[in-house]
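Written below as C-alpha cells is the structure these notes are about.
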Amino acid sequence: MKVGVIGCGFFAQNHLHAWRDIDGVDVVALCDSDKKSLFETGKDFKIERQFGDAAALFDYGRFDIVDIATTVPSHRFLVEMAAQNNKHIICQKPFAETITDARAMVGAVAATGKTIMVHENFRWQSAVRTVIEELRKGTIGEPFFGRVSFRSGFDVFSGQPYLAEGERFIIEDLGIHILDIARALFGDVGRVSATTRRINPLIKGEDVATILLEHKGGVSCIVDCSYATRRQVESFPESVIEVDGDKGTLSLDVGYKMTVQADGKSETRDLSPPVLPWASKPWHNIQESVRIIQQHFIQCLHEGREPETSGHDNLQTLSLVEAAYLSASEHRTVETAEI
Ligand code: NAD
Ligand code: 89V
C-alpha cells in the first residue's frame with residue numbers, strides 16, 4: 001500500500017512514525033503548502049518526493065491512499081479532490097467544519113467505491129478499547145449510566161496555536177473525541193443538552209463543556225470536558241470513564257487503572273499504554289492509538305470492510321458536536337434528528 005500524506009505539521013509526525021511501523025505500507029510522497037514543514041519532514045522521514053500543493057500531488061498520483069493530516073478548513077476541498085482521483089482516504093478529525101460539508105464528503109467518496117475513514121483515534125486508545133470490550137462482554141450487565149470525562153489544565157496552545165483562535169474550541173477539538181467514546185460505549189444518541197463556559201480569557205472559544213447525552217439504547221451519559229482544570233496530578237491526555245450496569249460498575253481512572261466490580265468481587269487492572277520507541281510522555285497514549293487506528297484502516301482495506309470510524313460513522317459524532325453547540329446557545333435540549 002502506497003501512501004501520500006498531505007499536511008506535515010504538528011500531528012502528522014505521529015502519522016508518519018505510525019506508517020513506518022506498519023508492515024506493507026510505504027509513504028511515497030509528502031505535500032504541504034508550508035515549504036519549511038515539507039522540507040524538514042521529508043528530511044526526517046527520508047521521503048524525497050515533495051509537493052507544495054495537493055493538485056501536484058494528485059497529478060503525480062502513484063499511491064493508493066491519501067492521508068489528510070491538515071486542519072479542518074482544508075478537509076472538504078482535499079477529500080473531494082482525493083475522491084475525484086479515486087484514492088482511499090484517511091482524514092483527520094474534526095472531519096468537517098459543518099455537517100453539510102461532512103455529508104457531501106461522504107457522498108463524494110461513496111460514488112467512487114473507495115474507503116474513507118476519519119482519524120478519530122481516542123476510541124482506539126488501548127485502555128479505552130479494553131473498557132469497550134469489557135462492557136461488550138457483559139460483566140457489569142446492561143449499562144444504564146455513564147460518564148466520560150476529560151479535565152486538564154495542560155497547555156495545548158503552544159503546540160497547536162490555532163486552538164486559541166477559533167470561535168469554537170473544546171467541543172469541536174477535544175469534546176468530539178469524548179463524544180465519540182460515548183458512542184463507542186453506548187451507541188447512538190437521541191437527545192443532547194449542553195452548557196459551555198470560557199474560563200481562559202486569552203482564547204476565543206469555550207474551554208469548558210458539560211453535556212448530557214440520552215442514548216437511544218437507554219443509557220444517560222455525561223460527557224464533561226475542561227482545559228481550565230488546575231489539579232495535581234495533571235492527567236492530560238487521559239479520559240476517565242465510569243459506567244453503572246444492572247450487575248456491577250466499571251471505571252477507568254487516572255493512571256490508566258480499570259476497576260470492575262461485579263458478583264461481589266472487585267478487580268483493578270493497570271492498563272498503562274506502552275511508550276512506543278518514537279513516542280514521548282504524556283502523548284504516548286495518543287501516539288499508540290495513532291498506530292492502532294492506522295493499522296485498523298489497512299486491515300479493513302485488505303479485508304474489503306468498512307472501518308469502525310468510517311466517514312459515514314463519523315457523521316453521528318459530528319452531529320453530537322453540532323447538537324451540543326446548538327443546545328448551549330439556545331439553552332434547550334436538542335433532538336439529534338434536528339441536525
Ligand atoms: P498544523 O497546523 O501543525 O499542521 C497542519 C499542516 O497542514 C501545516 O503544515 C499546513 O501548512 C498544512 N496545510 C494546511 N492546509 C493545506 C493544504 N490545503 N495543502 C497542503 N498543506 C496544507 O496542525 P496539526 O496540529 O498538525 O493538526 C492537524 C489536524 O490534526 C487537525 O485537524 C487537528 O485537529 C488534528 N489533531 C489530532 C490529534 C489527535 O489526537 N487526534 C492531535 C492533534 C491534532
Ligand atoms: O486530540 C486532539 O485533537 C488534540 C488535543 C488532544 C490536544 O486536544 O487537539
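Please note that chains go A, B, ... in the order of the C-alpha cells, that every chain numbers its residues from 1, and that ligands are numbered from 1 in the order shown.
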For the contact check between range 234-326 of chain A and range 128-151 of chain A, emit one row per residue of range 234-326 of chain A within 7 Å, containing the shortest atom pair and the distance in Å rounded to one decimal, counting only C-alpha atoms, chain then rising number order, as CSV.
```
residue,atom,partner,partner_atom,distance
A:Glu238,CA,A:Phe150,CA,6.7
A:Ser239,CA,A:Phe150,CA,5.0
A:Val240,CA,A:Ser149,CA,5.0
A:Ile241,CA,A:Val148,CA,4.6
A:Glu242,CA,A:Arg147,CA,5.1
A:Val243,CA,A:Gly146,CA,4.4
A:Asp244,CA,A:Phe145,CA,5.2
A:Gly245,CA,A:Pro143,CA,3.8
A:Asp246,CA,A:Gly141,CA,5.3
A:Lys247,CA,A:Ile140,CA,4.6
A:Gly248,CA,A:Ile140,CA,4.3
A:Thr249,CA,A:Ile140,CA,5.8
A:Ala262,CA,A:Ile140,CA,5.9
```
Write the selection just made, keeping N, CA, C and O atoms, as an mmCIF file, in the first residue's frame?
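Result saved to out_32.cif:
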```cif
data_model
loop_
_atom_site.group_PDB
_atom_site.id
_atom_site.type_symbol
_atom_site.label_atom_id
_atom_site.label_comp_id
_atom_site.auth_asym_id
_atom_site.auth_seq_id
_atom_site.Cartn_x
_atom_site.Cartn_y
_atom_site.Cartn_z
ATOM 1 N N GLU A 238 -5.584 11.859 29.410
ATOM 2 C CA GLU A 238 -6.374 10.677 29.778
ATOM 3 C C GLU A 238 -7.869 10.993 29.807
ATOM 4 O O GLU A 238 -8.271 12.047 30.294
ATOM 5 N N SER A 239 -8.669 10.063 29.351
ATOM 6 C CA SER A 239 -10.121 10.143 29.504
ATOM 7 C C SER A 239 -10.508 9.241 30.671
ATOM 8 O O SER A 239 -10.039 8.106 30.761
ATOM 9 N N VAL A 240 -11.343 9.763 31.548
ATOM 10 C CA VAL A 240 -11.818 8.985 32.694
ATOM 11 C C VAL A 240 -13.233 8.495 32.362
ATOM 12 O O VAL A 240 -14.033 9.238 31.800
ATOM 13 N N ILE A 241 -13.498 7.230 32.688
ATOM 14 C CA ILE A 241 -14.798 6.643 32.318
ATOM 15 C C ILE A 241 -15.422 5.989 33.548
ATOM 16 O O ILE A 241 -14.730 5.326 34.326
ATOM 17 N N GLU A 242 -16.731 6.197 33.714
ATOM 18 C CA GLU A 242 -17.477 5.479 34.756
ATOM 19 C C GLU A 242 -18.732 4.892 34.120
ATOM 20 O O GLU A 242 -19.406 5.589 33.359
ATOM 21 N N VAL A 243 -19.022 3.643 34.433
ATOM 22 C CA VAL A 243 -20.246 3.036 33.913
ATOM 23 C C VAL A 243 -20.928 2.266 35.040
ATOM 24 O O VAL A 243 -20.275 1.501 35.754
ATOM 25 N N ASP A 244 -22.239 2.487 35.201
ATOM 26 C CA ASP A 244 -23.047 1.657 36.099
ATOM 27 C C ASP A 244 -23.892 0.724 35.246
ATOM 28 O O ASP A 244 -24.570 1.182 34.304
ATOM 29 N N GLY A 245 -23.851 -0.559 35.569
ATOM 30 C CA GLY A 245 -24.714 -1.515 34.886
ATOM 31 C C GLY A 245 -25.620 -2.197 35.899
ATOM 32 O O GLY A 245 -25.428 -2.030 37.114
ATOM 33 N N ASP A 246 -26.573 -2.996 35.431
ATOM 34 C CA ASP A 246 -27.502 -3.615 36.386
ATOM 35 C C ASP A 246 -26.865 -4.773 37.161
ATOM 36 O O ASP A 246 -27.452 -5.302 38.099
ATOM 37 N N LYS A 247 -25.611 -5.152 36.806
ATOM 38 C CA LYS A 247 -24.921 -6.214 37.570
ATOM 39 C C LYS A 247 -23.626 -5.736 38.212
ATOM 40 O O LYS A 247 -22.907 -6.518 38.825
ATOM 41 N N GLY A 248 -23.258 -4.461 38.010
ATOM 42 C CA GLY A 248 -21.992 -4.003 38.598
ATOM 43 C C GLY A 248 -21.571 -2.654 38.052
ATOM 44 O O GLY A 248 -22.346 -1.969 37.387
ATOM 45 N N THR A 249 -20.329 -2.281 38.360
ATOM 46 C CA THR A 249 -19.805 -0.994 37.890
ATOM 47 C C THR A 249 -18.415 -1.184 37.310
ATOM 48 O O THR A 249 -17.709 -2.151 37.646
ATOM 49 N N ALA A 262 -18.293 -6.583 40.216
ATOM 50 C CA ALA A 262 -19.488 -7.365 39.859
ATOM 51 C C ALA A 262 -19.454 -8.658 40.659
ATOM 52 O O ALA A 262 -18.367 -9.122 41.037
#
```
>> I need the helix (DSSP H, G or I) residues of range 71-258 of chain A per DSSP on the backbone, written as a PyMOL selection string.
In response: chain A and resi 72-84+99-110+122-124+126-137+161-164+170-186
>> Which residues are near ligand 2 in this structure, taking near to mean any atom at most 8 Å from a ligand atom and counting only C-alpha atoms and all ligand atoms? Format them as number ranges by chain.
In response: A: 93-94, 122, 156, 160, 163, 170, 173-174, 177, 237, 286
Just to be explicit: take each residue in the selection above, keep N, CA and C atoms, and write the result as a PDB file, in the first residue's frame.
```
ATOM      1  N   LYS A  93      -9.602  14.289  12.238  1.00  0.00           N
ATOM      2  CA  LYS A  93     -10.727  14.953  12.869  1.00  0.00           C
ATOM      3  C   LYS A  93     -10.371  16.407  13.094  1.00  0.00           C
ATOM      4  N   PRO A  94     -11.276  17.338  13.338  1.00  0.00           N
ATOM      5  CA  PRO A  94     -12.689  17.219  13.007  1.00  0.00           C
ATOM      6  C   PRO A  94     -12.822  17.013  11.495  1.00  0.00           C
ATOM      7  N   PHE A 122      -9.357   8.502  19.602  1.00  0.00           N
ATOM      8  CA  PHE A 122      -9.440   8.296  21.053  1.00  0.00           C
ATOM      9  C   PHE A 122     -10.084   6.955  21.413  1.00  0.00           C
ATOM     10  N   VAL A 156      -2.307  23.257  25.685  1.00  0.00           N
ATOM     11  CA  VAL A 156      -2.358  22.698  24.321  1.00  0.00           C
ATOM     12  C   VAL A 156      -2.044  23.765  23.273  1.00  0.00           C
ATOM     13  N   GLN A 160      -0.367  23.748  19.420  1.00  0.00           N
ATOM     14  CA  GLN A 160      -1.430  23.912  18.428  1.00  0.00           C
ATOM     15  C   GLN A 160      -2.048  25.323  18.581  1.00  0.00           C
ATOM     16  N   LEU A 163      -5.741  26.501  18.100  1.00  0.00           N
ATOM     17  CA  LEU A 163      -6.824  26.152  19.029  1.00  0.00           C
ATOM     18  C   LEU A 163      -7.292  27.363  19.849  1.00  0.00           C
ATOM     19  N   ILE A 170     -13.403  23.772  22.673  1.00  0.00           N
ATOM     20  CA  ILE A 170     -13.216  22.451  23.296  1.00  0.00           C
ATOM     21  C   ILE A 170     -14.159  21.384  22.745  1.00  0.00           C
ATOM     22  N   ASP A 173     -12.814  20.462  19.131  1.00  0.00           N
ATOM     23  CA  ASP A 173     -11.481  19.858  19.033  1.00  0.00           C
ATOM     24  C   ASP A 173     -11.314  18.609  19.894  1.00  0.00           C
ATOM     25  N   LEU A 174     -11.745  18.688  21.142  1.00  0.00           N
ATOM     26  CA  LEU A 174     -11.483  17.612  22.105  1.00  0.00           C
ATOM     27  C   LEU A 174     -12.761  16.865  22.471  1.00  0.00           C
ATOM     28  N   HIS A 177     -13.808  13.875  20.489  1.00  0.00           N
ATOM     29  CA  HIS A 177     -13.251  12.564  20.838  1.00  0.00           C
ATOM     30  C   HIS A 177     -14.062  11.920  21.973  1.00  0.00           C
ATOM     31  N   PRO A 237      -3.214  13.228  28.523  1.00  0.00           N
ATOM     32  CA  PRO A 237      -4.485  13.339  27.825  1.00  0.00           C
ATOM     33  C   PRO A 237      -5.390  12.140  28.127  1.00  0.00           C
ATOM     34  N   ILE A 286      -1.953   8.733  23.167  1.00  0.00           N
ATOM     35  CA  ILE A 286      -2.493   9.146  21.864  1.00  0.00           C
ATOM     36  C   ILE A 286      -1.640   8.558  20.740  1.00  0.00           C
TER      37      ILE A 286
END
```
Please check which protein, DNA or RNA residues sit within 7 Å of ligand 1, counting only C-alpha atoms and all ligand atoms, and write them as a PDB file with N, CA, C and O atoms, in the first residue's frame.
```
ATOM      1  N   ILE A   6      -0.817  14.492   3.124  1.00  0.00           N
ATOM      2  CA  ILE A   6      -0.990  15.950   2.954  1.00  0.00           C
ATOM      3  C   ILE A   6      -1.034  16.582   4.344  1.00  0.00           C
ATOM      4  O   ILE A   6      -1.878  16.220   5.172  1.00  0.00           O
ATOM      5  N   GLY A   7      -0.142  17.529   4.574  1.00  0.00           N
ATOM      6  CA  GLY A   7      -0.035  18.175   5.891  1.00  0.00           C
ATOM      7  C   GLY A   7       1.145  17.563   6.627  1.00  0.00           C
ATOM      8  O   GLY A   7       1.142  16.352   6.915  1.00  0.00           O
ATOM      9  N   CYS A   8       2.155  18.385   6.890  1.00  0.00           N
ATOM     10  CA  CYS A   8       3.374  17.898   7.571  1.00  0.00           C
ATOM     11  C   CYS A   8       3.595  18.700   8.845  1.00  0.00           C
ATOM     12  O   CYS A   8       4.734  19.046   9.186  1.00  0.00           O
ATOM     13  N   GLY A   9       2.513  18.991   9.564  1.00  0.00           N
ATOM     14  CA  GLY A   9       2.605  19.828  10.755  1.00  0.00           C
ATOM     15  C   GLY A   9       2.800  19.022  12.027  1.00  0.00           C
ATOM     16  O   GLY A   9       3.348  17.906  12.014  1.00  0.00           O
ATOM     17  N   PHE A  10       2.303  19.582  13.116  1.00  0.00           N
ATOM     18  CA  PHE A  10       2.474  19.034  14.461  1.00  0.00           C
ATOM     19  C   PHE A  10       2.069  17.561  14.555  1.00  0.00           C
ATOM     20  O   PHE A  10       2.843  16.708  14.978  1.00  0.00           O
ATOM     21  N   PHE A  11       0.842  17.239  14.155  1.00  0.00           N
ATOM     22  CA  PHE A  11       0.349  15.884  14.430  1.00  0.00           C
ATOM     23  C   PHE A  11       0.743  14.873  13.353  1.00  0.00           C
ATOM     24  O   PHE A  11       0.829  13.670  13.626  1.00  0.00           O
ATOM     25  N   ALA A  12       1.002  15.359  12.141  1.00  0.00           N
ATOM     26  CA  ALA A  12       1.368  14.444  11.046  1.00  0.00           C
ATOM     27  C   ALA A  12       2.625  13.643  11.376  1.00  0.00           C
ATOM     28  O   ALA A  12       2.812  12.530  10.871  1.00  0.00           O
ATOM     29  N   CYS A  31       3.060  16.288   0.998  1.00  0.00           N
ATOM     30  CA  CYS A  31       2.561  17.543   0.456  1.00  0.00           C
ATOM     31  C   CYS A  31       2.316  18.509   1.607  1.00  0.00           C
ATOM     32  O   CYS A  31       1.715  18.126   2.621  1.00  0.00           O
ATOM     33  N   ASP A  32       2.789  19.727   1.480  1.00  0.00           N
ATOM     34  CA  ASP A  32       2.441  20.785   2.439  1.00  0.00           C
ATOM     35  C   ASP A  32       2.661  22.121   1.762  1.00  0.00           C
ATOM     36  O   ASP A  32       3.633  22.292   1.018  1.00  0.00           O
ATOM     37  N   SER A  33       1.742  23.056   2.009  1.00  0.00           N
ATOM     38  CA  SER A  33       1.906  24.383   1.399  1.00  0.00           C
ATOM     39  C   SER A  33       2.994  25.187   2.116  1.00  0.00           C
ATOM     40  O   SER A  33       3.451  26.202   1.604  1.00  0.00           O
ATOM     41  N   ASP A  34       3.397  24.714   3.294  1.00  0.00           N
ATOM     42  CA  ASP A  34       4.473  25.388   4.028  1.00  0.00           C
ATOM     43  C   ASP A  34       5.798  24.679   3.694  1.00  0.00           C
ATOM     44  O   ASP A  34       5.991  23.510   4.041  1.00  0.00           O
ATOM     45  N   SER A  37       7.999  23.123   6.683  1.00  0.00           N
ATOM     46  CA  SER A  37       7.477  21.865   7.261  1.00  0.00           C
ATOM     47  C   SER A  37       7.675  20.718   6.281  1.00  0.00           C
ATOM     48  O   SER A  37       8.038  19.599   6.673  1.00  0.00           O
ATOM     49  N   GLY A  52       4.210  21.054  -3.131  1.00  0.00           N
ATOM     50  CA  GLY A  52       3.740  22.245  -2.399  1.00  0.00           C
ATOM     51  C   GLY A  52       2.243  22.447  -2.497  1.00  0.00           C
ATOM     52  O   GLY A  52       1.683  23.280  -1.783  1.00  0.00           O
ATOM     53  N   ASP A  53       1.575  21.700  -3.372  1.00  0.00           N
ATOM     54  CA  ASP A  53       0.106  21.776  -3.364  1.00  0.00           C
ATOM     55  C   ASP A  53      -0.503  20.441  -3.761  1.00  0.00           C
ATOM     56  O   ASP A  53       0.146  19.614  -4.429  1.00  0.00           O
ATOM     57  N   ALA A  54      -1.741  20.260  -3.345  1.00  0.00           N
ATOM     58  CA  ALA A  54      -2.382  18.943  -3.462  1.00  0.00           C
ATOM     59  C   ALA A  54      -2.613  18.555  -4.922  1.00  0.00           C
ATOM     60  O   ALA A  54      -2.506  17.378  -5.274  1.00  0.00           O
ATOM     61  N   ALA A  69      -3.759  15.149   6.847  1.00  0.00           N
ATOM     62  CA  ALA A  69      -3.403  15.496   8.237  1.00  0.00           C
ATOM     63  C   ALA A  69      -3.325  17.014   8.401  1.00  0.00           C
ATOM     64  O   ALA A  69      -2.553  17.524   9.211  1.00  0.00           O
ATOM     65  N   THR A  70      -4.150  17.712   7.623  1.00  0.00           N
ATOM     66  CA  THR A  70      -4.228  19.179   7.725  1.00  0.00           C
ATOM     67  C   THR A  70      -5.318  19.551   8.734  1.00  0.00           C
ATOM     68  O   THR A  70      -6.088  18.690   9.177  1.00  0.00           O
ATOM     69  N   THR A  71      -5.425  20.843   9.039  1.00  0.00           N
ATOM     70  CA  THR A  71      -6.508  21.304   9.923  1.00  0.00           C
ATOM     71  C   THR A  71      -7.824  21.393   9.127  1.00  0.00           C
ATOM     72  O   THR A  71      -7.826  21.378   7.888  1.00  0.00           O
ATOM     73  N   VAL A  72      -8.929  21.527   9.845  1.00  0.00           N
ATOM     74  CA  VAL A  72     -10.259  21.299   9.260  1.00  0.00           C
ATOM     75  C   VAL A  72     -10.643  22.202   8.076  1.00  0.00           C
ATOM     76  O   VAL A  72     -11.342  21.721   7.163  1.00  0.00           O
ATOM     77  N   SER A  74      -9.358  22.886   5.363  1.00  0.00           N
ATOM     78  CA  SER A  74      -8.997  22.307   4.054  1.00  0.00           C
ATOM     79  C   SER A  74      -9.646  20.946   3.786  1.00  0.00           C
ATOM     80  O   SER A  74      -9.513  20.400   2.692  1.00  0.00           O
ATOM     81  N   LEU A  78      -9.929  18.921   0.087  1.00  0.00           N
ATOM     82  CA  LEU A  78      -8.952  17.845  -0.142  1.00  0.00           C
ATOM     83  C   LEU A  78      -9.627  16.481  -0.292  1.00  0.00           C
ATOM     84  O   LEU A  78      -9.219  15.670  -1.125  1.00  0.00           O
ATOM     85  N   GLN A  92      -8.034  13.446   9.063  1.00  0.00           N
ATOM     86  CA  GLN A  92      -8.020  13.815  10.485  1.00  0.00           C
ATOM     87  C   GLN A  92      -9.374  14.353  10.939  1.00  0.00           C
ATOM     88  O   GLN A  92     -10.175  14.819  10.143  1.00  0.00           O
ATOM     89  N   LYS A  93      -9.602  14.289  12.238  1.00  0.00           N
ATOM     90  CA  LYS A  93     -10.727  14.953  12.869  1.00  0.00           C
ATOM     91  C   LYS A  93     -10.371  16.407  13.094  1.00  0.00           C
ATOM     92  O   LYS A  93      -9.168  16.692  13.099  1.00  0.00           O
ATOM     93  N   PRO A  94     -11.276  17.338  13.338  1.00  0.00           N
ATOM     94  CA  PRO A  94     -12.689  17.219  13.007  1.00  0.00           C
ATOM     95  C   PRO A  94     -12.822  17.013  11.495  1.00  0.00           C
ATOM     96  O   PRO A  94     -12.180  17.711  10.718  1.00  0.00           O
ATOM     97  N   HIS A 119      -9.796   9.845  11.082  1.00  0.00           N
ATOM     98  CA  HIS A 119      -8.725   9.522  12.034  1.00  0.00           C
ATOM     99  C   HIS A 119      -9.221   9.927  13.426  1.00  0.00           C
ATOM    100  O   HIS A 119      -8.704  10.846  14.054  1.00  0.00           O
ATOM    101  N   GLU A 120     -10.281   9.249  13.881  1.00  0.00           N
ATOM    102  CA  GLU A 120     -10.888   9.514  15.195  1.00  0.00           C
ATOM    103  C   GLU A 120     -10.288   8.509  16.160  1.00  0.00           C
ATOM    104  O   GLU A 120     -10.792   7.397  16.340  1.00  0.00           O
ATOM    105  N   ASN A 121      -9.192   8.888  16.787  1.00  0.00           N
ATOM    106  CA  ASN A 121      -8.323   7.902  17.414  1.00  0.00           C
ATOM    107  C   ASN A 121      -8.582   7.626  18.894  1.00  0.00           C
ATOM    108  O   ASN A 121      -8.091   6.644  19.425  1.00  0.00           O
ATOM    109  N   PHE A 122      -9.357   8.502  19.602  1.00  0.00           N
ATOM    110  CA  PHE A 122      -9.440   8.296  21.053  1.00  0.00           C
ATOM    111  C   PHE A 122     -10.084   6.955  21.413  1.00  0.00           C
ATOM    112  O   PHE A 122      -9.671   6.304  22.356  1.00  0.00           O
ATOM    113  N   GLY A 159       1.629  23.966  21.323  1.00  0.00           N
ATOM    114  CA  GLY A 159       1.832  23.045  20.191  1.00  0.00           C
ATOM    115  C   GLY A 159       0.844  23.286  19.063  1.00  0.00           C
ATOM    116  O   GLY A 159       1.144  23.048  17.894  1.00  0.00           O
ATOM    117  N   GLN A 160      -0.367  23.748  19.420  1.00  0.00           N
ATOM    118  CA  GLN A 160      -1.430  23.912  18.428  1.00  0.00           C
ATOM    119  C   GLN A 160      -2.048  25.323  18.581  1.00  0.00           C
ATOM    120  O   GLN A 160      -3.178  25.459  19.080  1.00  0.00           O
ATOM    121  N   ASP A 173     -12.814  20.462  19.131  1.00  0.00           N
ATOM    122  CA  ASP A 173     -11.481  19.858  19.033  1.00  0.00           C
ATOM    123  C   ASP A 173     -11.314  18.609  19.894  1.00  0.00           C
ATOM    124  O   ASP A 173     -10.784  17.592  19.442  1.00  0.00           O
ATOM    125  N   ILE A 286      -1.953   8.733  23.167  1.00  0.00           N
ATOM    126  CA  ILE A 286      -2.493   9.146  21.864  1.00  0.00           C
ATOM    127  C   ILE A 286      -1.640   8.558  20.740  1.00  0.00           C
ATOM    128  O   ILE A 286      -2.163   8.062  19.737  1.00  0.00           O
TER     129      ILE A 286
END
```
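Distance check against Gln50 in chain A using only C-alpha atoms: of A:Met105, A:Leu38, A:Ala328, A:Ala337, the minimum falls on A:Leu38.
Using only C-alpha atoms, the residues found no farther than 7 Å from range 273-279 of chain A, other than those of its own chain fewer than 6 positions away, are Ser126, Asn285, Gln287 and Glu288 of chain A.
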What would the file look like if the residues just selected were written as a PDB file, in the first residue's frame with N, CA, C and O atoms?
```
ATOM      1  N   SER A 126      -5.577   2.079  23.800  1.00  0.00           N
ATOM      2  CA  SER A 126      -5.711   0.683  24.240  1.00  0.00           C
ATOM      3  C   SER A 126      -6.518   0.559  25.530  1.00  0.00           C
ATOM      4  O   SER A 126      -7.298  -0.391  25.689  1.00  0.00           O
ATOM      5  N   ASN A 285      -0.032   7.792  24.996  1.00  0.00           N
ATOM      6  CA  ASN A 285      -1.349   7.169  24.920  1.00  0.00           C
ATOM      7  C   ASN A 285      -1.987   7.441  23.558  1.00  0.00           C
ATOM      8  O   ASN A 285      -2.468   6.540  22.851  1.00  0.00           O
ATOM      9  N   GLN A 287      -0.323   8.582  20.931  1.00  0.00           N
ATOM     10  CA  GLN A 287       0.565   8.091  19.865  1.00  0.00           C
ATOM     11  C   GLN A 287       0.338   6.603  19.593  1.00  0.00           C
ATOM     12  O   GLN A 287       0.324   6.165  18.450  1.00  0.00           O
ATOM     13  N   GLU A 288       0.123   5.838  20.664  1.00  0.00           N
ATOM     14  CA  GLU A 288      -0.153   4.409  20.450  1.00  0.00           C
ATOM     15  C   GLU A 288      -1.447   4.232  19.647  1.00  0.00           C
ATOM     16  O   GLU A 288      -1.547   3.395  18.752  1.00  0.00           O
TER      17      GLU A 288
END
```
> How would you write, as a PyMOL selection string, the set of residues in range 116-219 of chain A that DSSP gives as strand (DSSP E or B)?
Replying inline: chain A and resi 116-119+143-151+189-197+208-215
>> At a cut-off of 8 Å, using only C-alpha atoms, what residues contact Glu214 in chain A? Leave out same-chain residues fewer than 2 positions from it and give the result as an MDAnalysis selection string.
In response: chainID A and resid 189:192 212 216 218:221
>> Please determine, counting only C-alpha atoms, which residue among A:Leu301, A:Ile89, A:Phe169, A:Ile181 has the shortest atom-to-atom distance to Thr196 in chain A.
In response: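 Closest candidate: A:Phe169.
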>> Given only C-alpha atoms as the basis, pick out the residue of A:Ala194, A:Val233, A:Val208, A:Val290 nearest to Tyr325 in chain A.
In response: A:Ala194
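Distances to Arg62 in chain A were evaluated for A:Lys2, A:Arg198, A:Thr41, A:Val321 using only C-alpha atoms, and the minimum falls at A:Lys2.
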>> Which residue is closest to Asn86 in chain A? Choose from A:Gly311, A:Gly113, A:Pro73, A:Pro201 and count only C-alpha atoms.
In response: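 Nearest candidate to Asn86 in chain A out of A:Gly311, A:Gly113, A:Pro73, A:Pro201: A:Gly113.
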> Between A:Lys281, A:Ser329, A:Lys204, A:Thr336, which is the closest to Arg168 in chain A once you count only C-alpha atoms?
Replying inline: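 Selected residue with least distance to Arg168 in chain A: A:Lys204.
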